[in-house]
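As structure tokens, the structure follows; a few thoughts come after it.
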Amino acid sequence: MAEQPLMNTYGRLSIAFEHAEGCWLYDTNGNKYFDTFTGIAVCGLGHTHPAVTQAIKDQSGRLVHCSNLYHSPIQSALANELCDISGMDNVFFTNSGAESNEAAIKIARLYGHKNGIATPSIIVMENAFHGRTMATLTASGNRKVQAGFEPLVSGFIRVPFNDIQAVENVAKSNPNVVAVMLEPIQGEGGLSVANAQYMSALREICNARNWLLMLDEVQTGNGRTGTYFAYSDYGIQPDVVTTAKGLGNGFPIGACLAKGAAAEVFTPGTHGSTFGGNPLGCAAALAVIKQIKQDNLIQRAQALGNKITTILKENFDNADYVTSIRGKGLMIGIEMSAPCPELVPLAKAAGLLLNVTSEKVIRLLPALTMTDQEAEFLAESVVKIIKLYAADERQAPR
């Protein structure tokens, strides 16, 4: 493939796509591929969903951009929808997940200063991933995204994930903590799922200490885990929740939602975004939410996730090369016993787009709009690829 004048920030596979539909992408040579991770959890409704495409077309003929210096009816409509769904009080719109998390971090710092804490700190988790801006990569518990960018941003205290004692120990020794920030399911960090007791205990500690509980649902939001936001499954309410990815089904839009005291922190001039909440993004997001409700895609994500997980467990329960199958809804991780980067090109050769994270966890994030047959095809194809790989048949024709 010819080199392009792009900065060398991605290890791209030798493949170029020119169109897509639903779960399938088509390359420039006419080959088709099943997408098991939808652009890393972005196209929850599948690629080029007609309702989203039509909403963008219609809106582009009316108003493409409107500065946030003015009121926007379509932005207000989306904010109302998201607040109704989430139980939060208000919304700040962004262009991406990283920008949403950056807003959350700024809310925590302002919240701390308003409460008389001059150097506020946020507790974050090992193996977390919150983005690649300077503050969010510092909040991430991934040395690979931080290396070379020192000095990092101060004000973060890292603890092990799912370890409530570690949080309590920090609480005893650090009076500057103002918030806890975590993903209910660590996507980039290997599909580790927060347990229910841990999440309840975090909520209790935050209440007792007057800390903000801030959930990064950039990847888990928008119906993917079987509830609109994953926190609903834990029976808790955060003070701040962020989302992006599936919100626009491919059109870039994100949001930072806040409740209670956290919702009162930002005032005119304290934060902003030129393109956040622009009319095209809001039109796309409203179409996504309407479609999720109309087609019962939240329940569908649960059913399809159960179907795929059942097939995987039937095939790998006694396999020593698969150590764990975990997740919620259509956010599924298959952990291998050893690093498995060769699975990606092996799957590609078989017409399957596969993602491996944390070196040895296959991350499945397929479309919520899959048919039952497509879900079975996905599961059976992944089983076939893993078995081929584990049997060390990599020299066989493929």
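Labeling convention for the structure tokens: chains A, B, ... as they appear, residues from 1 per chain, ligands from 1 in order of appearance.
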What are the closest atom pairs, with distances in Å to one decimal, for all residues of range 136-161 of chain A lying within 7 Å of range 109-128 of chain A? Consider only C-alpha atoms, order rows by chain and residue number, and present the result as a Markdown table.
| residue | atom | partner | partner_atom | distance |
| --- | --- | --- | --- | --- |
| A:Ala139 | CA | A:Val124 | CA | 6.2 |
| A:Ser140 | CA | A:Ala128 | CA | 4.9 |
| A:Gly141 | CA | A:Asn127 | CA | 4.4 |
| A:Asn142 | CA | A:Asn127 | CA | 5.6 |
| A:Gly155 | CA | A:Ser121 | CA | 4.4 |
| A:Phe156 | CA | A:Ile122 | CA | 4.9 |
| A:Ile157 | CA | A:Ile123 | CA | 4.7 |
| A:Arg158 | CA | A:Val124 | CA | 4.9 |
| A:Val159 | CA | A:Met125 | CA | 5.1 |
| A:Pro160 | CA | A:Glu126 | CA | 5.1 |
| A:Phe161 | CA | A:Met125 | CA | 5.3 |
Backbone DSSP call of strand (DSSP E or B) for range 126-340 of chain A, listed as a PyMOL selection string: chain A and resi 156-159+177-182+185-186+192-193+212-216+240-243+254-258+322-328+331-336
In Å and to one decimal, CA of Lys290 in chain A is distant from CA of Leu304 in chain A by 20.0 Å
Need the shell around Leu137 in chain A: protein/DNA/RNA residues with any atom at most 12 Å away, counting only C-alpha atoms. Skip same-chain ones fewer than 2 positions apart. Format as a PyMOL selection string? chain A and resi 98-99+101-102+105+124+127-135+139-154+156
Selection from above, C-alpha atoms, as a PDB file, in the first residue's frame, can you write it?
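Okay, selection_20.pdb is ready:
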ATOM      1  CA  ALA A  98     -11.220  11.946  25.880  1.00  0.00           C
ATOM      2  CA  GLU A  99     -12.738  15.426  25.800  1.00  0.00           C
ATOM      3  CA  ASN A 101     -13.288  12.771  30.491  1.00  0.00           C
ATOM      4  CA  GLU A 102     -11.244  15.969  30.414  1.00  0.00           C
ATOM      5  CA  ILE A 105     -11.528  15.993  35.533  1.00  0.00           C
ATOM      6  CA  VAL A 124      -7.950   6.481  39.464  1.00  0.00           C
ATOM      7  CA  ASN A 127      -5.201  -0.648  33.946  1.00  0.00           C
ATOM      8  CA  ALA A 128      -7.685   2.166  33.305  1.00  0.00           C
ATOM      9  CA  PHE A 129      -7.877   3.965  29.966  1.00  0.00           C
ATOM     10  CA  HIS A 130      -9.436   7.421  29.815  1.00  0.00           C
ATOM     11  CA  GLY A 131      -7.945   8.921  26.637  1.00  0.00           C
ATOM     12  CA  ARG A 132      -4.833  10.470  25.101  1.00  0.00           C
ATOM     13  CA  THR A 133      -4.993  14.147  26.081  1.00  0.00           C
ATOM     14  CA  MET A 134      -2.405  15.084  28.715  1.00  0.00           C
ATOM     15  CA  ALA A 135      -4.813  14.856  31.657  1.00  0.00           C
ATOM     16  CA  ALA A 139      -5.426   9.324  34.549  1.00  0.00           C
ATOM     17  CA  SER A 140      -4.978   6.144  32.488  1.00  0.00           C
ATOM     18  CA  GLY A 141      -3.209   3.243  34.196  1.00  0.00           C
ATOM     19  CA  ASN A 142      -1.333   2.286  31.066  1.00  0.00           C
ATOM     20  CA  ARG A 143       2.365   3.073  30.928  1.00  0.00           C
ATOM     21  CA  LYS A 144       2.424   2.653  27.131  1.00  0.00           C
ATOM     22  CA  VAL A 145       0.223   5.713  26.570  1.00  0.00           C
ATOM     23  CA  GLN A 146       2.225   7.788  29.086  1.00  0.00           C
ATOM     24  CA  ALA A 147       5.808   6.937  28.076  1.00  0.00           C
ATOM     25  CA  GLY A 148       7.660   9.861  26.583  1.00  0.00           C
ATOM     26  CA  PHE A 149       5.090  12.479  27.533  1.00  0.00           C
ATOM     27  CA  GLU A 150       6.491  13.344  30.965  1.00  0.00           C
ATOM     28  CA  PRO A 151       6.061  15.504  32.918  1.00  0.00           C
ATOM     29  CA  LEU A 152       2.561  14.163  33.440  1.00  0.00           C
ATOM     30  CA  VAL A 153      -0.285  16.088  35.047  1.00  0.00           C
ATOM     31  CA  SER A 154      -0.298  16.028  38.846  1.00  0.00           C
ATOM     32  CA  PHE A 156      -4.013  11.620  40.446  1.00  0.00           C
TER      33      PHE A 156
END
Non-local contacts of range 255-268 of chain A (6 Å; only C-alpha atoms; under 6 positions in same chain excluded) as a VMD selection string: chain A and resid 88 to 94 100 239 to 243
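For the residues A:Val193, A:Val382, A:Ile107, A:Cys206, ranking by smallest atom-to-atom distance to Ala171 in chain A using only C-alpha atoms places A:Cys206 first.
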Hey, which bits of range 141-219 of chain A sit within 9 Å of range 324-331 of chain A, and for each residue what's the closest pair of atoms and how far apart in Å (one decimal), counting only C-alpha atoms, rows by chain and increasing number, as a tab-separated table?
residue	atom	partner	partner_atom	distance
A:Ile185	CA	A:Gly327	CA	7.6
A:Gly187	CA	A:Met331	CA	8.3
A:Leu191	CA	A:Gly327	CA	6.4
A:Ser192	CA	A:Gly327	CA	7.4
A:Val193	CA	A:Gly327	CA	6.4
A:Gln219	CA	A:Met331	CA	8.9
Store the residues of this selection in a file with N, CA, C and O atoms, as a CSV table (one decimal), in the first residue's frame.
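Just written: out-v7.csv:
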chain,number,residue,atom,x,y,z
A,185,ILE,N,-16.5,-1.2,33.3
A,185,ILE,CA,-15.8,-2.3,32.7
A,185,ILE,C,-14.6,-1.7,32.0
A,185,ILE,O,-14.7,-0.8,31.2
A,187,GLY,N,-12.3,-1.4,29.3
A,187,GLY,CA,-12.3,-1.9,27.9
A,187,GLY,C,-10.8,-2.1,27.5
A,187,GLY,O,-10.4,-3.3,27.2
A,191,LEU,N,-11.0,-5.9,29.6
A,191,LEU,CA,-12.4,-6.3,29.9
A,191,LEU,C,-12.6,-6.8,31.3
A,191,LEU,O,-13.3,-7.7,31.6
A,192,SER,N,-11.9,-6.1,32.2
A,192,SER,CA,-12.1,-6.4,33.7
A,192,SER,C,-13.4,-5.7,34.1
A,192,SER,O,-13.6,-4.5,33.9
A,193,VAL,N,-14.3,-6.5,34.8
A,193,VAL,CA,-15.6,-6.0,35.2
A,193,VAL,C,-15.6,-5.6,36.7
A,193,VAL,O,-15.2,-6.5,37.5
A,219,GLN,N,-17.1,3.7,26.6
A,219,GLN,CA,-17.2,2.5,25.9
A,219,GLN,C,-18.4,1.7,26.3
A,219,GLN,O,-19.1,1.0,25.5
With only C-alpha atoms as the counted atoms, please give the residues lying no more than 12 Å from Ala350 in chain A, apart from itself and same-chain residues fewer than 5 positions off, as a PDB file with N, CA and C atoms, in the first residue's frame.
ATOM      1  N   ASN A  31     -13.223  -7.501  -1.226  1.00  0.00           N
ATOM      2  CA  ASN A  31     -13.374  -8.502  -0.162  1.00  0.00           C
ATOM      3  C   ASN A  31     -14.253  -7.949   0.955  1.00  0.00           C
ATOM      4  N   LYS A  32     -15.017  -8.835   1.592  1.00  0.00           N
ATOM      5  CA  LYS A  32     -15.842  -8.372   2.706  1.00  0.00           C
ATOM      6  C   LYS A  32     -15.379  -9.009   4.020  1.00  0.00           C
ATOM      7  N   TYR A  33     -15.575  -8.251   5.111  1.00  0.00           N
ATOM      8  CA  TYR A  33     -15.090  -8.651   6.432  1.00  0.00           C
ATOM      9  C   TYR A  33     -16.196  -8.431   7.463  1.00  0.00           C
ATOM     10  N   PHE A  34     -16.298  -9.372   8.409  1.00  0.00           N
ATOM     11  CA  PHE A  34     -17.239  -9.206   9.520  1.00  0.00           C
ATOM     12  C   PHE A  34     -16.533  -8.422  10.621  1.00  0.00           C
ATOM     13  N   ASP A  35     -17.146  -7.341  11.085  1.00  0.00           N
ATOM     14  CA  ASP A  35     -16.544  -6.453  12.074  1.00  0.00           C
ATOM     15  C   ASP A  35     -16.981  -6.878  13.477  1.00  0.00           C
ATOM     16  N   LEU A 343      -3.305 -13.463  16.309  1.00  0.00           N
ATOM     17  CA  LEU A 343      -4.724 -13.745  16.037  1.00  0.00           C
ATOM     18  C   LEU A 343      -5.328 -12.708  15.089  1.00  0.00           C
ATOM     19  N   VAL A 344      -4.847 -11.472  15.160  1.00  0.00           N
ATOM     20  CA  VAL A 344      -5.445 -10.401  14.349  1.00  0.00           C
ATOM     21  C   VAL A 344      -5.237 -10.647  12.855  1.00  0.00           C
ATOM     22  N   PRO A 345      -3.997 -10.847  12.367  1.00  0.00           N
ATOM     23  CA  PRO A 345      -3.831 -11.140  10.940  1.00  0.00           C
ATOM     24  C   PRO A 345      -4.424 -12.488  10.533  1.00  0.00           C
ATOM     25  N   LEU A 378     -20.467 -14.952  14.173  1.00  0.00           N
ATOM     26  CA  LEU A 378     -19.365 -14.318  14.905  1.00  0.00           C
ATOM     27  C   LEU A 378     -18.743 -15.300  15.895  1.00  0.00           C
ATOM     28  N   SER A 381     -17.059 -18.280  14.235  1.00  0.00           N
ATOM     29  CA  SER A 381     -15.840 -17.872  13.523  1.00  0.00           C
ATOM     30  C   SER A 381     -14.703 -17.613  14.502  1.00  0.00           C
ATOM     31  N   VAL A 382     -15.019 -16.964  15.617  1.00  0.00           N
ATOM     32  CA  VAL A 382     -13.992 -16.694  16.637  1.00  0.00           C
ATOM     33  C   VAL A 382     -13.494 -18.007  17.239  1.00  0.00           C
ATOM     34  N   LYS A 384     -13.406 -20.897  15.792  1.00  0.00           N
ATOM     35  CA  LYS A 384     -12.589 -21.563  14.771  1.00  0.00           C
ATOM     36  C   LYS A 384     -11.186 -20.953  14.709  1.00  0.00           C
ATOM     37  N   ILE A 385     -11.124 -19.625  14.741  1.00  0.00           N
ATOM     38  CA  ILE A 385      -9.829 -18.937  14.659  1.00  0.00           C
ATOM     39  C   ILE A 385      -8.964 -19.250  15.888  1.00  0.00           C
ATOM     40  N   ILE A 386      -9.568 -19.210  17.061  1.00  0.00           N
ATOM     41  CA  ILE A 386      -8.805 -19.474  18.293  1.00  0.00           C
ATOM     42  C   ILE A 386      -8.303 -20.914  18.309  1.00  0.00           C
ATOM     43  N   LEU A 388      -7.727 -22.833  15.764  1.00  0.00           N
ATOM     44  CA  LEU A 388      -6.669 -22.946  14.756  1.00  0.00           C
ATOM     45  C   LEU A 388      -5.357 -22.394  15.307  1.00  0.00           C
ATOM     46  N   PRO A 397      -2.681 -23.612   5.076  1.00  0.00           N
ATOM     47  CA  PRO A 397      -3.202 -22.583   4.163  1.00  0.00           C
ATOM     48  C   PRO A 397      -4.376 -21.850   4.783  1.00  0.00           C
ATOM     49  N   ARG A 398      -4.451 -20.565   4.551  1.00  0.00           N
ATOM     50  CA  ARG A 398      -5.561 -19.790   5.071  1.00  0.00           C
ATOM     51  C   ARG A 398      -5.778 -18.557   4.224  1.00  0.00           C
TER      52      ARG A 398
END
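The two atoms in question, CA of Leu82 in chain A and CA of Val178 in chain A, are spaced 25.3 Å apart.
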So which bits of range 175-279 of chain A end up helix (DSSP H, G or I) when you DSSP the backbone, as a PyMOL selection string? chain A and resi 196-209+230-234+245-247+260-264+279
Distance CA of Ile311 in chain A-CA of Gly250 in chain A, one decimal place? 29.1 Å
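Of the listed residues (A:Gly223, A:Gly39, A:Gly44, A:Gly61), A:Gly223 comes nearest to Gln302 in chain A; the distances count only C-alpha atoms.
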What's around Ala367 in chain A at 8 Å? Count only C-alpha atoms, leave out sequence neighbours fewer than 5 positions away in its own chain, and write the answer as a list in words. Gly22, Cys23, Thr36, Phe37, Thr38, Cys43, Gly44, Leu45, Gly46 and Leu330 of chain A
Would you mind exporting the chosen residues as an mmCIF file, in the first residue's frame, restricted to N, CA, C and O atoms?
data_model
loop_
_atom_site.group_PDB
_atom_site.id
_atom_site.type_symbol
_atom_site.label_atom_id
_atom_site.label_comp_id
_atom_site.auth_asym_id
_atom_site.auth_seq_id
_atom_site.Cartn_x
_atom_site.Cartn_y
_atom_site.Cartn_z
ATOM 1 N N GLY A 22 -24.114 -2.470 8.008
ATOM 2 C CA GLY A 22 -24.379 -3.347 9.152
ATOM 3 C C GLY A 22 -23.090 -3.839 9.784
ATOM 4 O O GLY A 22 -22.236 -3.053 10.183
ATOM 5 N N CYS A 23 -22.933 -5.148 9.867
ATOM 6 C CA CYS A 23 -21.744 -5.746 10.482
ATOM 7 C C CYS A 23 -20.603 -5.931 9.498
ATOM 8 O O CYS A 23 -19.548 -6.449 9.883
ATOM 9 N N THR A 36 -16.063 -7.442 14.258
ATOM 10 C CA THR A 36 -16.418 -7.907 15.608
ATOM 11 C C THR A 36 -16.272 -6.824 16.663
ATOM 12 O O THR A 36 -16.629 -7.046 17.821
ATOM 13 N N PHE A 37 -15.744 -5.644 16.289
ATOM 14 C CA PHE A 37 -15.586 -4.613 17.332
ATOM 15 C C PHE A 37 -16.024 -3.215 16.878
ATOM 16 O O PHE A 37 -15.792 -2.230 17.583
ATOM 17 N N THR A 38 -16.715 -3.122 15.768
ATOM 18 C CA THR A 38 -17.439 -1.911 15.321
ATOM 19 C C THR A 38 -16.665 -0.607 15.521
ATOM 20 O O THR A 38 -17.187 0.353 16.102
ATOM 21 N N CYS A 43 -19.844 1.966 16.264
ATOM 22 C CA CYS A 43 -21.038 1.750 15.429
ATOM 23 C C CYS A 43 -21.942 0.701 16.072
ATOM 24 O O CYS A 43 -22.104 -0.414 15.549
ATOM 25 N N GLY A 44 -22.548 1.061 17.212
ATOM 26 C CA GLY A 44 -23.423 0.132 17.912
ATOM 27 C C GLY A 44 -24.628 -0.280 17.089
ATOM 28 O O GLY A 44 -25.180 -1.369 17.268
ATOM 29 N N LEU A 45 -25.079 0.584 16.194
ATOM 30 C CA LEU A 45 -26.216 0.251 15.320
ATOM 31 C C LEU A 45 -25.744 -0.380 14.019
ATOM 32 O O LEU A 45 -26.542 -0.548 13.094
ATOM 33 N N GLY A 46 -24.465 -0.716 13.940
ATOM 34 C CA GLY A 46 -23.910 -1.215 12.682
ATOM 35 C C GLY A 46 -23.476 -0.051 11.804
ATOM 36 O O GLY A 46 -23.837 1.109 12.034
ATOM 37 N N LEU A 330 -22.972 -7.004 25.062
ATOM 38 C CA LEU A 330 -22.115 -7.149 23.893
ATOM 39 C C LEU A 330 -20.768 -6.481 24.104
ATOM 40 O O LEU A 330 -20.220 -5.840 23.199
#
Counting only C-alpha atoms, the option among A:His271, A:Cys340, A:Phe229, A:Thr369 closest to Gln294 in chain A: A:Thr369
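Comparing A:Pro279, A:Gly246, A:Pro50, A:Gly254 by their smallest distance to Cys66 in chain A, the closest is A:Pro279 (using only C-alpha atoms).
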